[in-house]
Each structure stands twice: as C-alpha cells, then as structure tokens.
>>> print(open('target.cif').read())   # mmCIF, C-alpha atoms
data_structure
loop_
_atom_site.label_atom_id
_atom_site.label_comp_id
_atom_site.auth_asym_id
_atom_site.auth_seq_id
_atom_site.Cartn_x
_atom_site.Cartn_y
_atom_site.Cartn_z
CA MET A 1 -3.12 45.57 -94.06
CA LYS A 2 -0.67 44.97 -91.24
CA LYS A 3 -2.28 44.09 -87.93
CA PRO A 4 -1.57 46.51 -85.07
CA ALA A 5 0.93 45.25 -82.53
CA LEU A 6 -0.50 43.79 -79.33
CA PRO A 7 0.22 45.60 -76.06
CA PRO A 8 2.99 44.18 -73.85
CA PRO A 9 2.03 41.80 -70.99
CA LEU A 10 -0.11 43.40 -68.30
CA SER A 11 -0.61 42.72 -64.60
CA LEU A 12 -4.36 42.24 -64.18
CA ALA A 13 -6.69 41.52 -61.25
CA ILE A 14 -9.11 38.70 -62.08
CA GLN A 15 -12.61 39.74 -61.02
CA GLY A 16 -14.81 36.84 -62.10
CA TYR A 17 -15.43 34.11 -64.68
CA GLY A 18 -16.63 33.95 -68.27
CA SER A 19 -19.08 31.34 -69.51
CA ASP A 20 -16.32 28.80 -70.21
CA GLY A 21 -14.56 29.29 -66.86
CA GLU A 22 -11.91 31.68 -68.14
CA GLY A 23 -10.94 34.55 -65.85
CA VAL A 24 -12.41 38.00 -66.46
CA ALA A 25 -10.40 41.18 -65.91
CA ARG A 26 -10.43 44.81 -67.00
CA LEU A 27 -7.73 46.37 -69.14
CA PRO A 28 -6.47 49.84 -68.13
CA ASP A 29 -8.95 51.43 -70.59
CA GLY A 30 -11.86 49.50 -69.02
CA MET A 31 -12.22 46.91 -71.79
CA THR A 32 -13.21 43.40 -70.65
CA CYS A 33 -10.48 40.80 -71.06
CA PHE A 34 -11.04 37.04 -70.93
CA VAL A 35 -7.97 35.28 -69.54
CA ALA A 36 -7.55 31.55 -70.13
CA GLY A 37 -6.23 29.72 -67.06
CA ALA A 38 -6.87 32.52 -64.54
CA LEU A 39 -8.93 32.18 -61.35
CA LYS A 40 -11.17 34.70 -59.65
CA GLY A 41 -9.29 36.74 -57.03
CA GLU A 42 -5.86 36.25 -58.60
CA VAL A 43 -3.40 38.82 -59.90
CA CYS A 44 -1.81 37.52 -63.11
CA LEU A 45 0.70 38.66 -65.68
CA VAL A 46 -1.35 38.34 -68.85
CA GLY A 47 -0.23 38.11 -72.44
CA LEU A 48 -2.85 39.45 -74.85
CA ASP A 49 -3.70 37.21 -77.83
CA LYS A 50 -6.37 39.33 -79.49
CA VAL A 51 -7.94 42.73 -78.94
CA GLY A 52 -11.36 43.23 -80.50
CA LYS A 53 -13.71 46.20 -80.62
CA ALA A 54 -15.60 45.23 -77.45
CA CYS A 55 -13.32 42.82 -75.58
CA ALA A 56 -9.92 41.17 -75.51
CA TRP A 57 -8.55 37.67 -74.99
CA GLY A 58 -5.38 36.63 -73.26
CA HIS A 59 -3.52 33.90 -71.38
CA VAL A 60 -1.67 33.62 -68.09
CA ILE A 61 2.10 34.09 -68.29
CA GLU A 62 2.63 34.14 -64.53
CA VAL A 63 0.36 33.91 -61.50
CA LYS A 64 1.61 36.68 -59.22
CA GLU A 65 -0.97 36.25 -56.46
CA PRO A 66 -2.57 32.79 -56.65
CA SER A 67 -6.05 31.93 -55.46
CA PRO A 68 -6.36 29.35 -52.66
CA ALA A 69 -8.65 27.53 -55.11
CA ARG A 70 -5.80 26.93 -57.60
CA LEU A 71 -4.69 23.34 -58.23
CA ILE A 72 -1.88 21.77 -60.22
CA PRO A 73 -3.77 20.01 -63.06
CA ASP A 74 -3.59 16.22 -62.71
CA CYS A 75 -3.92 15.48 -66.44
CA PRO A 76 -0.90 15.54 -68.79
CA TYR A 77 -3.13 16.77 -71.64
CA PHE A 78 -4.49 19.80 -69.77
CA GLY A 79 -4.13 22.83 -72.01
CA SER A 80 -3.68 20.88 -75.23
CA CYS A 81 -6.95 18.92 -75.12
CA GLY A 82 -10.17 20.90 -75.33
CA GLY A 83 -12.04 18.75 -72.80
CA CYS A 84 -11.27 19.28 -69.10
CA SER A 85 -10.68 23.03 -68.98
CA LEU A 86 -11.30 23.39 -65.22
CA ARG A 87 -8.71 21.01 -63.77
CA HIS A 88 -6.76 23.98 -62.40
CA MET A 89 -9.44 24.84 -59.81
CA THR A 90 -10.86 23.06 -56.74
CA TYR A 91 -14.22 21.35 -57.14
CA ALA A 92 -15.81 23.76 -54.66
CA GLU A 93 -14.67 26.69 -56.83
CA GLU A 94 -15.96 24.92 -59.94
CA LEU A 95 -19.39 24.39 -58.41
CA GLU A 96 -19.67 28.03 -57.35
CA PHE A 97 -18.63 29.15 -60.86
CA LYS A 98 -21.35 26.96 -62.38
CA ARG A 99 -24.03 28.05 -59.90
CA GLN A 100 -23.21 31.70 -60.57
CA LYS A 101 -23.11 31.09 -64.32
CA VAL A 102 -26.68 29.75 -64.29
CA GLU A 103 -27.94 32.53 -62.03
CA ASP A 104 -26.28 35.24 -64.15
CA CYS A 105 -27.79 33.87 -67.39
CA LEU A 106 -31.28 33.63 -65.92
CA THR A 107 -31.07 37.18 -64.56
CA ARG A 108 -29.30 38.90 -67.44
CA ILE A 109 -30.88 37.10 -70.42
CA GLY A 110 -34.12 35.75 -68.99
CA GLY A 111 -35.09 38.64 -66.73
CA CYS A 112 -35.68 36.07 -63.96
CA ASN A 113 -35.15 37.09 -60.33
CA VAL A 114 -35.47 33.60 -58.83
CA PRO A 115 -32.06 32.79 -57.29
CA VAL A 116 -30.14 29.61 -57.98
CA SER A 117 -29.41 28.81 -54.36
CA VAL A 118 -28.39 25.15 -54.79
CA ILE A 119 -26.11 23.19 -57.08
CA TYR A 120 -25.82 19.43 -56.66
CA GLY A 121 -22.20 18.38 -57.03
CA SER A 122 -21.02 14.99 -58.23
CA GLU A 123 -19.70 12.53 -55.67
CA ASN A 124 -17.27 11.27 -58.30
CA THR A 125 -15.34 13.71 -60.48
CA GLN A 126 -13.14 11.08 -62.19
CA ARG A 127 -14.10 8.43 -64.77
CA TYR A 128 -17.77 9.31 -64.49
CA ARG A 129 -18.66 9.43 -68.19
CA ASN A 130 -20.47 6.48 -69.76
CA LYS A 131 -19.93 7.56 -73.38
CA VAL A 132 -16.99 8.82 -75.41
CA GLN A 133 -16.64 9.80 -79.07
CA PHE A 134 -12.95 9.95 -80.00
CA PRO A 135 -12.25 11.77 -83.31
CA ILE A 136 -9.54 10.18 -85.45
CA ALA A 137 -7.08 12.14 -87.58
CA GLY A 138 -3.75 10.99 -89.00
CA ASN A 139 -2.28 8.70 -86.34
CA ALA A 140 -4.10 10.42 -83.48
CA ILE A 141 -7.17 9.17 -81.59
CA GLY A 142 -8.22 11.57 -78.87
CA PHE A 143 -9.97 14.92 -78.58
CA TYR A 144 -10.00 18.21 -80.45
CA ALA A 145 -7.78 20.96 -79.10
CA SER A 146 -9.84 23.90 -77.88
CA ARG A 147 -11.68 25.74 -80.68
CA THR A 148 -9.96 23.67 -83.40
CA HIS A 149 -10.34 20.43 -85.33
CA THR A 150 -6.78 19.42 -84.52
CA VAL A 151 -6.90 16.08 -82.71
CA THR A 152 -4.78 15.68 -79.57
CA ASP A 153 -3.67 12.06 -79.19
CA VAL A 154 -4.91 11.00 -75.74
CA GLU A 155 -3.78 7.65 -74.34
CA ASP A 156 -6.11 7.77 -71.33
CA CYS A 157 -8.80 10.33 -70.46
CA LEU A 158 -9.44 10.67 -66.73
CA LEU A 159 -13.15 11.28 -67.37
CA GLN A 160 -13.62 7.93 -69.13
CA PRO A 161 -13.61 4.35 -67.83
CA GLN A 162 -10.33 2.60 -68.59
CA ALA A 163 -12.14 0.31 -71.04
CA CYS A 164 -12.19 3.28 -73.43
CA ALA A 165 -8.39 3.59 -73.30
CA ARG A 166 -7.93 -0.13 -73.96
CA LEU A 167 -10.28 -0.13 -76.97
CA ARG A 168 -8.61 3.01 -78.31
CA GLN A 169 -5.19 1.34 -78.08
CA ALA A 170 -6.42 -1.76 -79.93
CA LEU A 171 -7.82 0.39 -82.73
CA LYS A 172 -4.53 2.32 -83.02
CA GLU A 173 -2.58 -0.92 -83.32
CA TYR A 174 -5.01 -2.18 -85.98
CA MET A 175 -4.61 1.07 -87.96
CA SER A 176 -0.83 0.69 -87.85
CA ALA A 177 -0.74 -3.04 -88.62
CA TYR A 178 -3.01 -2.84 -91.68
CA GLN A 179 -2.29 0.75 -92.77
CA VAL A 180 -5.94 1.79 -92.46
CA PRO A 181 -6.19 5.54 -93.08
CA ALA A 182 -8.05 8.04 -90.94
CA TYR A 183 -10.70 10.25 -92.51
CA GLU A 184 -9.49 13.63 -93.78
CA GLU A 185 -12.01 16.44 -93.40
CA CYS A 186 -10.45 18.67 -96.04
CA THR A 187 -10.56 16.05 -98.83
CA GLY A 188 -13.35 13.71 -97.71
CA THR A 189 -11.01 10.74 -98.17
CA GLY A 190 -9.85 8.08 -95.73
CA LEU A 191 -11.88 5.64 -93.66
CA LEU A 192 -11.80 5.90 -89.86
CA ARG A 193 -13.75 8.88 -88.49
CA HIS A 194 -14.62 8.23 -84.84
CA LEU A 195 -14.30 5.61 -82.13
CA TYR A 196 -17.48 5.52 -80.03
CA VAL A 197 -17.62 3.63 -76.72
CA ARG A 198 -20.62 3.38 -74.41
CA THR A 199 -20.27 1.78 -70.96
CA ASN A 200 -22.64 0.86 -68.14
CA ARG A 201 -22.46 0.63 -64.36
CA VAL A 202 -21.59 -3.07 -64.28
CA GLY A 203 -18.47 -2.71 -66.43
CA GLU A 204 -19.85 -3.70 -69.83
CA SER A 205 -19.08 -1.75 -73.00
CA LEU A 206 -20.43 -1.32 -76.53
CA CYS A 207 -18.00 -0.23 -79.25
CA CYS A 208 -18.90 1.47 -82.54
CA ILE A 209 -16.42 2.35 -85.29
CA LEU A 210 -17.69 5.25 -87.45
CA VAL A 211 -16.32 5.03 -90.99
CA ASN A 212 -16.40 6.84 -94.31
CA GLY A 213 -17.54 3.74 -96.15
CA LYS A 214 -19.54 0.55 -95.73
CA ALA A 215 -16.74 -1.78 -94.65
CA LEU A 216 -13.23 -1.94 -93.21
CA PRO A 217 -10.29 -4.10 -94.29
CA HIS A 218 -9.56 -7.02 -91.97
CA GLU A 219 -12.79 -6.67 -90.00
CA LYS A 220 -12.28 -10.11 -88.46
CA GLU A 221 -8.85 -9.19 -87.15
CA LEU A 222 -10.14 -5.89 -85.75
CA THR A 223 -12.99 -7.68 -83.99
CA GLU A 224 -10.62 -10.22 -82.47
CA ALA A 225 -8.26 -7.48 -81.25
CA LEU A 226 -11.04 -5.47 -79.59
CA ARG A 227 -12.50 -8.56 -77.92
CA ALA A 228 -9.10 -9.69 -76.69
CA ILE A 229 -8.25 -6.37 -75.05
CA GLU A 230 -11.60 -5.66 -73.37
CA PRO A 231 -13.27 -8.47 -71.37
CA GLY A 232 -16.42 -6.43 -70.71
CA LEU A 233 -17.17 -5.88 -74.39
CA VAL A 234 -20.67 -7.02 -75.39
CA GLY A 235 -20.84 -5.79 -78.98
CA ILE A 236 -18.94 -4.21 -81.87
CA VAL A 237 -20.84 -2.14 -84.44
CA LEU A 238 -19.77 -0.51 -87.70
CA GLY A 239 -21.44 2.86 -88.32
CA VAL A 240 -21.62 4.17 -91.89
CA ASN A 241 -21.11 7.93 -92.26
CA GLU A 242 -20.18 9.00 -95.79
CA LYS A 243 -21.28 12.61 -95.44
CA LYS A 244 -18.71 15.34 -95.92
CA SER A 245 -19.62 17.08 -92.67
CA ASN A 246 -18.70 17.15 -88.99
CA VAL A 247 -21.69 14.99 -88.03
CA ILE A 248 -20.44 12.11 -85.90
CA LEU A 249 -23.03 9.34 -86.00
CA GLY A 250 -23.89 7.29 -89.07
CA ASP A 251 -26.96 6.70 -91.20
CA SER A 252 -26.82 2.92 -90.83
CA TYR A 253 -25.19 0.35 -88.56
CA ARG A 254 -23.94 -3.20 -88.99
CA VAL A 255 -23.04 -5.59 -86.19
CA LEU A 256 -19.51 -6.97 -86.51
CA TRP A 257 -19.82 -9.08 -83.37
CA GLY A 258 -22.15 -9.52 -80.40
CA GLN A 259 -25.05 -7.15 -79.86
CA ASP A 260 -25.82 -3.62 -81.03
CA TYR A 261 -27.05 -2.35 -77.67
CA LEU A 262 -26.13 -1.98 -74.02
CA MET A 263 -28.35 -2.30 -70.95
CA ASP A 264 -28.22 0.02 -67.94
CA VAL A 265 -30.28 0.66 -64.80
CA LEU A 266 -31.39 4.15 -63.75
CA ARG A 267 -33.69 4.91 -60.79
CA GLY A 268 -34.72 1.25 -60.67
CA LEU A 269 -35.66 1.16 -64.38
CA THR A 270 -33.84 -0.92 -67.00
CA PHE A 271 -32.90 0.80 -70.26
CA HIS A 272 -31.95 -0.60 -73.67
CA LEU A 273 -29.41 1.74 -75.30
CA SER A 274 -28.49 1.61 -78.98
CA VAL A 275 -25.66 3.69 -80.47
CA PRO A 276 -27.74 6.74 -81.61
CA SER A 277 -29.90 6.93 -78.47
CA PHE A 278 -29.46 9.86 -76.10
CA TYR A 279 -28.61 8.94 -72.51
CA GLN A 280 -27.11 11.17 -69.84
CA VAL A 281 -23.35 10.60 -69.59
CA ASN A 282 -23.18 10.64 -65.77
CA ALA A 283 -25.68 8.07 -64.49
CA PRO A 284 -25.49 8.79 -60.71
CA GLN A 285 -25.99 12.51 -61.33
CA ALA A 286 -28.75 11.77 -63.86
CA GLU A 287 -30.61 10.07 -61.01
CA VAL A 288 -30.32 13.30 -59.00
CA LEU A 289 -31.47 15.31 -62.04
CA TYR A 290 -34.51 13.14 -62.71
CA GLY A 291 -35.39 13.14 -59.02
CA LEU A 292 -35.65 16.92 -59.23
CA VAL A 293 -37.80 16.64 -62.37
CA LEU A 294 -40.23 14.42 -60.47
CA ASP A 295 -40.21 16.77 -57.51
CA PHE A 296 -40.96 19.77 -59.73
CA ALA A 297 -43.64 17.84 -61.68
CA ALA A 298 -45.51 17.17 -58.38
CA LEU A 299 -47.45 14.19 -59.74
CA THR A 300 -50.23 12.52 -57.74
CA GLY A 301 -51.13 9.66 -60.10
CA ALA A 302 -54.05 11.41 -61.79
CA GLU A 303 -52.13 13.53 -64.30
CA THR A 304 -51.38 13.40 -68.01
CA ALA A 305 -47.79 14.37 -68.81
CA VAL A 306 -46.02 15.08 -72.11
CA ASP A 307 -42.25 14.60 -72.40
CA LEU A 308 -40.66 16.28 -75.44
CA TYR A 309 -37.14 15.29 -76.60
CA CYS A 310 -37.62 12.05 -74.69
CA GLY A 311 -34.63 10.12 -76.07
CA THR A 312 -34.79 6.50 -74.89
CA GLY A 313 -37.60 7.41 -72.49
CA THR A 314 -35.62 8.00 -69.30
CA ILE A 315 -37.65 10.96 -68.04
CA THR A 316 -40.84 9.62 -69.64
CA LEU A 317 -40.70 6.34 -67.76
CA CYS A 318 -39.78 8.04 -64.49
CA LEU A 319 -42.92 10.16 -64.95
CA ALA A 320 -44.96 7.07 -65.88
CA GLN A 321 -44.28 5.60 -62.44
CA GLN A 322 -46.18 8.50 -60.88
CA ALA A 323 -48.63 9.76 -63.56
CA LYS A 324 -51.82 8.37 -65.08
CA ARG A 325 -50.70 8.80 -68.70
CA VAL A 326 -47.41 9.91 -70.29
CA ILE A 327 -46.67 10.76 -73.93
CA GLY A 328 -43.04 10.92 -75.12
CA ALA A 329 -41.78 12.42 -78.39
CA GLU A 330 -38.36 12.16 -80.05
CA ILE A 331 -37.07 12.66 -83.61
CA VAL A 332 -34.54 9.77 -83.60
CA PRO A 333 -36.29 6.53 -84.74
CA GLU A 334 -33.81 4.24 -82.96
CA ALA A 335 -34.39 6.10 -79.70
CA ILE A 336 -38.18 5.74 -80.01
CA ARG A 337 -37.71 2.03 -80.70
CA ASP A 338 -35.62 1.78 -77.54
CA ALA A 339 -38.15 3.84 -75.57
CA LYS A 340 -41.03 1.54 -76.52
CA GLU A 341 -38.98 -1.52 -75.62
CA ASN A 342 -37.95 0.11 -72.34
CA ALA A 343 -41.58 0.79 -71.42
CA ALA A 344 -42.55 -2.83 -72.13
CA ARG A 345 -39.47 -4.16 -70.33
CA ASN A 346 -40.35 -2.19 -67.21
CA GLY A 347 -44.06 -3.07 -67.33
CA LEU A 348 -45.20 0.54 -67.82
CA VAL A 349 -48.32 0.38 -69.97
CA ASN A 350 -49.31 4.02 -69.41
CA ALA A 351 -46.47 5.39 -71.57
CA GLU A 352 -46.80 5.97 -75.32
CA PHE A 353 -44.26 7.34 -77.79
CA PHE A 354 -44.31 9.28 -81.05
CA CYS A 355 -41.43 9.70 -83.48
CA GLY A 356 -41.19 13.17 -84.91
CA ASP A 357 -39.85 16.68 -84.55
CA ALA A 358 -40.78 18.21 -81.19
CA SER A 359 -42.55 21.18 -82.80
CA ASP A 360 -44.64 18.92 -85.05
CA VAL A 361 -45.59 16.55 -82.23
CA ALA A 362 -46.38 19.41 -79.84
CA ALA A 363 -48.57 21.08 -82.49
CA ARG A 364 -50.31 17.77 -83.21
CA LEU A 365 -51.06 17.14 -79.54
CA ALA A 366 -52.35 20.69 -79.14
CA ALA A 367 -54.55 20.31 -82.26
CA GLU A 368 -55.96 17.04 -80.87
CA GLY A 369 -57.02 18.87 -77.74
CA ILE A 370 -54.68 16.98 -75.43
CA CYS A 371 -54.39 19.07 -72.28
CA PRO A 372 -51.52 17.74 -70.17
CA ASP A 373 -51.11 18.78 -66.58
CA VAL A 374 -47.33 18.74 -66.95
CA VAL A 375 -44.96 19.13 -69.90
CA THR A 376 -41.28 18.26 -69.53
CA VAL A 377 -38.63 19.25 -72.06
CA ASP A 378 -34.96 18.25 -72.27
CA PRO A 379 -33.82 19.78 -75.57
CA PRO A 380 -30.35 19.85 -77.14
CA ARG A 381 -27.99 22.74 -76.45
CA LYS A 382 -29.74 25.04 -78.94
CA GLY A 383 -32.88 25.00 -76.78
CA LEU A 384 -36.49 25.25 -77.94
CA THR A 385 -37.82 26.84 -81.10
CA GLU A 386 -40.50 29.49 -80.76
CA ASP A 387 -43.12 27.22 -82.34
CA VAL A 388 -42.47 24.50 -79.73
CA ILE A 389 -42.99 27.06 -76.96
CA ALA A 390 -46.16 28.31 -78.68
CA SER A 391 -47.51 24.75 -79.00
CA ILE A 392 -46.80 24.08 -75.32
CA GLY A 393 -48.64 27.30 -74.52
CA ALA A 394 -51.58 26.11 -76.65
CA MET A 395 -51.77 22.89 -74.58
CA ALA A 396 -51.82 25.09 -71.45
CA PRO A 397 -50.25 22.73 -68.90
CA GLU A 398 -50.24 23.92 -65.31
CA ARG A 399 -46.52 23.18 -65.02
CA VAL A 400 -43.58 23.05 -67.42
CA VAL A 401 -40.38 21.40 -66.19
CA TYR A 402 -37.44 22.49 -68.34
CA VAL A 403 -34.17 20.52 -68.21
CA SER A 404 -31.32 22.36 -69.92
CA CYS A 405 -27.63 21.82 -70.64
CA ASP A 406 -27.14 25.44 -71.74
CA PRO A 407 -28.06 28.26 -69.31
CA ALA A 408 -28.03 30.90 -72.07
CA THR A 409 -30.61 29.24 -74.34
CA LEU A 410 -32.61 28.24 -71.24
CA ALA A 411 -32.75 31.89 -70.17
CA ARG A 412 -33.81 32.97 -73.68
CA ASP A 413 -36.61 30.39 -73.67
CA ILE A 414 -37.80 31.40 -70.19
CA LYS A 415 -38.33 34.90 -71.56
CA ARG A 416 -40.33 33.43 -74.44
CA PHE A 417 -42.42 31.35 -72.03
CA SER A 418 -43.34 34.53 -70.17
CA GLY A 419 -45.14 35.62 -73.33
CA GLN A 420 -47.24 32.42 -73.03
CA GLY A 421 -48.20 33.29 -69.46
CA TYR A 422 -45.60 31.22 -67.58
CA ALA A 423 -43.35 32.34 -64.74
CA VAL A 424 -40.37 30.68 -63.06
CA GLN A 425 -41.11 29.31 -59.61
CA LYS A 426 -37.83 27.60 -58.76
CA THR A 427 -34.58 26.52 -60.33
CA THR A 428 -31.74 24.18 -59.35
CA ALA A 429 -28.39 23.37 -60.96
CA VAL A 430 -26.91 19.86 -61.18
CA ASP A 431 -23.30 19.16 -62.15
CA LEU A 432 -23.21 16.22 -64.53
CA PHE A 433 -19.91 17.29 -66.11
CA PRO A 434 -17.14 17.79 -63.50
CA CYS A 435 -13.91 19.40 -64.73
CA THR A 436 -15.71 21.00 -67.69
CA PRO A 437 -17.68 24.29 -67.95
CA HIS A 438 -20.96 22.50 -68.69
CA VAL A 439 -23.84 22.30 -66.21
CA GLU A 440 -27.45 21.05 -66.17
CA THR A 441 -30.33 23.14 -64.85
CA VAL A 442 -33.89 22.21 -63.88
CA VAL A 443 -36.52 24.97 -63.92
CA LEU A 444 -40.16 24.86 -62.88
CA LEU A 445 -42.48 27.23 -64.76
CA THR A 446 -46.12 27.56 -63.77
CA ARG A 447 -49.05 29.02 -65.69
CA GLN A 448 -50.23 32.29 -64.26
CA ASN A 449 -53.91 33.16 -63.85
CA PHE A 450 -54.66 36.44 -65.53
CA PRO A 451 -57.84 38.40 -64.78
#
>>> encode(input="target.cif", output="structure tokens")
Amino acid sequence: MKKPALPPPLSLAIQGYGSDGEGVARLPDGMTCFVAGALKGEVCLVGLDKVGKACAWGHVIEVKEPSPARLIPDCPYFGSCGGCSLRHMTYAEELEFKRQKVEDCLTRIGGCNVPVSVIYGSENTQRYRNKVQFPIAGNAIGFYASRTHTVTDVEDCLLQPQACARLRQALKEYMSAYQVPAYEECTGTGLLRHLYVRTNRVGESLCCILVNGKALPHEKELTEALRAIEPGLVGIVLGVNEKKSNVILGDSYRVLWGQDYLMDVLRGLTFHLSVPSFYQVNAPQAEVLYGLVLDFAALTGAETAVDLYCGTGTITLCLAQQAKRVIGAEIVPEAIRDAKENAARNGLVNAEFFCGDASDVAARLAAEGICPDVVTVDPPRKGLTEDVIASIGAMAPERVVYVSCDPATLARDIKRFSGQGYAVQKTTAVDLFPCTPHVETVVLLTRQNFP
C-alpha cells in the first residue's frame, strides 16, 4: 500500500521540549509534533518526517524567530553523530530543560508533587568523560548515528580526553596496515567490535580492544603502536566477545601489556577499576552526586546501610565512612572483586559485599532479618524490578535514597514505593552528562507511619 504523502513544510511555534531535548509544537489539527533541532520559544519552518496516529516527527528547515538560547554547534559531527544532541543550546537552557524533564516525569508518571527546585550543573562541559566505547564498523571508529547502528567516523570527540582520539587513530592505522576486519553485525563475521578507553584524573588511560575471537593478528605490533602514541597508557587488554548480539563487553579478558586496571580518587577514596566495573563517567560531578546521597542518608555513625547495585563500591564506601555497617550488592563478579579490594585499600573494615542479582540479595537480607536504617539504590536505566522494591519494603528501612539516570523509570518506581509505605521527601537533579539529554536524579523516600 502506498504511503500517504506528507504535508508541506509548516511554520510552527515551539512550546517546550521532549524527553530527548527535541522541540515540541502543535500541528494545525492539535497533534503534538516533535521537532529535532528546535528550541523552546522559537518559530521554525518544519519539514515533517513521519505522521503517526498520536503524534508527528519533523526537523527544522529554517529558524524564522531564533531563541536567545540558540548556539552554533561547535562540533563538526553535530547532527550526524548520535551523541551530543544539545550543542545547539546554551548550557543554562540545557540545565533548565533537564530540571523540568525530571520534575515533569515525577509529577506525571510518579504522582509526586515535590518540586525539583535545584539542578547542579557541571563546571566543565568539555572533555569531562572518563570512559568511551567506540563501535567499529567497516573503516569507521566513532559513534552510532541517532537511532541507527550506522557508525559515524569521529576523529576527536569533544566529550572525551584527547588520549581517546590518539588511541583511536593508532587502532585505525593498525587496521589499515594489517587488513584487520571490523565485526559485521549482520553476518557475525570480522574481528574488531569496540575500542574501550578508560581514563583517570591524573592523565592515565586503560585501553581494551573488544574482539569477535580470542586473538588478533600482529598483537605485538598493535601493542607497540598504542604505547607509542599514548604516554599515559598503563595497560592494554583484549576482551573476548563472540556473541552475536549488541552486548559490548566480553566474557573474558587477557592482558596484552601492562595492567588490567586503572586507579582513580573520588571523595578522598582510592578506587581500583577493571574494564567491566561501573564507575560514573564524570568524576567531579559524581562527587557532587555522592555528597547529596550522604546528605539524604543523614548518617550519624550508628546505622546499618545497604547499597544495591554497588558497582565498585563507590557509594558503599562513602557510606562506610559515616555508618556503623554497610552491605553492598552487585551482579558483576569483577566489580565485587574491585569493591572488596577498594574497601581494604581504604581501610574500611565495616563494609561487606555480596555478588548476586539485586532482587536475590535484597530478598536474602530481608529473610535474614537484616533491618537497615538506610537503603541506597543506583540501578541501570531500566530501574528497579517490583520484587526488589518489595524486598526493600520487607527490610523496612527508615530512608531509601534512590539515584537514577532515567527520570521516567525513577518516577514509575516511586509510585511502586508508595505501595510499600514510602513517600518522597526531597529530590535534586545533577548534570553528569553535559551536551546530552541525560541527567542524574537523587530522591529521598521515607517510611510513613500508618495508624
């Protein structure tokens, strides 16, 4: 069946923002239209790309009445790379968009009337990330174009330290010199899948090559090239990922040179970071985030705290500095190994760690009668499962501190927590991801006393 023709370009007033920072307007018939590249308050000539049953999508052809918040993007890949989608707006406008985004989700989805009055912006909006995972396809090493798996070849990303660009260039030259093929998703053939680089605040870097196999040709030459181009390199690791999926990290790792970890310091604590371990990508803003967690936890030194999704123990060990006992749980074995080493390294003997799924660990702790005063959670983007929330409710902590990277799933979970007798007391947003639509939120929930 032939698709109906799209309407001609329309002049639209942009009234607000969608969840990804796209402009929101109304078509003449009242239908909502999401307009890529438009800013709130502008009048734009919009070309429609798709008209659905409930809403439409379009793009800016011409900005007729620009917003004072509009900028000329400073990145040559803006629009073709799916990463920095907000480089066309001032940082003040970006922060207000993110603050409003969190508040709207909590109100509309979570039924929460506690305002988000504060968002903590990042002092540095350039080269703030301490981890990058470049997908590799054909001759390109870069990032996926928006909503595709087409890789845009990116010589230098303005969010990453320049060490990442140098290591990327060395890998490209190696691929060309020895005709090493990139992995092909459609066939499952080829070798090179991703280039992973982790950096720290003193200029050191750890490099991992993710491959569809257990070895690479000319590994010695690759190692020498990477070492020669990056003086701060402390280790090169080969990650094995032979699964026909879009999973990035491997099942096993082999050191090609140096060490398989990187050290970093956060809030006065030293952390050992292996390739699979979770660690916030913006360390200065992570310190702000964890400071809020401690503030919301309101520890006096007499409490027991449980930290679910603890990763390498960053929040756990911050809590351990102020609590009597802290229990951390994480499903990634390498992260738990790092967390235990981090506790010992920092002399914190009141922290213990369990490896397992959050729901299983939470249920186990509840069954053992452990009654924490505070539970902290920092789950992945999909949020908490209902059984995790039920197990937290069974432990009946006075306070739950929820750290979230997705306001929508956070709001959904807040509504579920209300069924366990918890209500939101305060919430604050923290921008760990400048130039992108993503934002972190910290929420304090307290147990209500029912008659």
>>> resolve_selection(input="target.cif", expression="the PyMOL selection byres ((chain A and resi 266) around 9)", output="PyMOL selection string")
chain A and resi 264-265+267-271+283-284+286-287+314
>>> residues_around(input="target.cif", residues="A:Ala36", least_positions_apart="3", cutoff="10 Å", atoms="only C-alpha atoms", output="PDB file with C-alpha atoms, keeping the file's coordinate frame")
ATOM      1  CA  TYR A  17     -15.430  34.110 -64.680  1.00  0.00           C
ATOM      2  CA  GLY A  18     -16.630  33.950 -68.270  1.00  0.00           C
ATOM      3  CA  ASP A  20     -16.320  28.800 -70.210  1.00  0.00           C
ATOM      4  CA  GLY A  21     -14.560  29.290 -66.860  1.00  0.00           C
ATOM      5  CA  GLU A  22     -11.910  31.680 -68.140  1.00  0.00           C
ATOM      6  CA  GLY A  23     -10.940  34.550 -65.850  1.00  0.00           C
ATOM      7  CA  VAL A  24     -12.410  38.000 -66.460  1.00  0.00           C
ATOM      8  CA  CYS A  33     -10.480  40.800 -71.060  1.00  0.00           C
ATOM      9  CA  LEU A  39      -8.930  32.180 -61.350  1.00  0.00           C
ATOM     10  CA  VAL A  46      -1.350  38.340 -68.850  1.00  0.00           C
ATOM     11  CA  TRP A  57      -8.550  37.670 -74.990  1.00  0.00           C
ATOM     12  CA  GLY A  58      -5.380  36.630 -73.260  1.00  0.00           C
ATOM     13  CA  HIS A  59      -3.520  33.900 -71.380  1.00  0.00           C
ATOM     14  CA  VAL A  60      -1.670  33.620 -68.090  1.00  0.00           C
ATOM     15  CA  GLY A  79      -4.130  22.830 -72.010  1.00  0.00           C
ATOM     16  CA  SER A  85     -10.680  23.030 -68.980  1.00  0.00           C
TER      17      SER A  85
END
>>> atom_distance(input="target.cif", atom1="atom CA of A:Glu94", atom2="atom CA of A:Phe433")
10.6 Å
>>> resolve_selection(input="target.cif", expression="the PyMOL selection byres ((chain A and resi 204) around 10)", output="VMD selection string")
chain A and resid 163 198 to 203 205 to 206 230 to 235 262 to 264
>>> residues_around(input="target.cif", residues="A:Val442", least_positions_apart="3", cutoff="9 Å", atoms="all atoms listed in the file", output="number ranges by chain")
A: 289, 292-293, 296, 401-404, 426-430
>>> build_atoms(input="target.cif", residues="stretch 332-342 of chain A", atoms="N, CA and C atoms", output="short mmCIF file (atom, residue, chain, number, x, y, z; two decimals), in the frame of the given file")
data_model
loop_
_atom_site.label_atom_id
_atom_site.label_comp_id
_atom_site.auth_asym_id
_atom_site.auth_seq_id
_atom_site.Cartn_x
_atom_site.Cartn_y
_atom_site.Cartn_z
N VAL A 332 -35.43 10.86 -83.20
CA VAL A 332 -34.54 9.77 -83.60
C VAL A 332 -35.30 8.44 -83.56
N PRO A 333 -35.50 7.77 -84.72
CA PRO A 333 -36.29 6.53 -84.74
C PRO A 333 -35.73 5.44 -83.84
N GLU A 334 -34.40 5.28 -83.81
CA GLU A 334 -33.81 4.24 -82.96
C GLU A 334 -34.10 4.49 -81.49
N ALA A 335 -34.10 5.77 -81.09
CA ALA A 335 -34.39 6.10 -79.70
C ALA A 335 -35.84 5.77 -79.35
N ILE A 336 -36.77 6.06 -80.26
CA ILE A 336 -38.18 5.74 -80.01
C ILE A 336 -38.37 4.23 -79.93
N ARG A 337 -37.66 3.50 -80.79
CA ARG A 337 -37.71 2.03 -80.70
C ARG A 337 -37.25 1.56 -79.32
N ASP A 338 -36.13 2.13 -78.87
CA ASP A 338 -35.62 1.78 -77.54
C ASP A 338 -36.60 2.17 -76.45
N ALA A 339 -37.21 3.35 -76.60
CA ALA A 339 -38.15 3.84 -75.57
C ALA A 339 -39.35 2.90 -75.43
N LYS A 340 -39.88 2.46 -76.56
CA LYS A 340 -41.03 1.54 -76.52
C LYS A 340 -40.64 0.21 -75.87
N GLU A 341 -39.46 -0.28 -76.23
CA GLU A 341 -38.98 -1.52 -75.62
C GLU A 341 -38.73 -1.34 -74.13
N ASN A 342 -38.21 -0.16 -73.75
CA ASN A 342 -37.95 0.11 -72.34
C ASN A 342 -39.24 0.16 -71.53
#
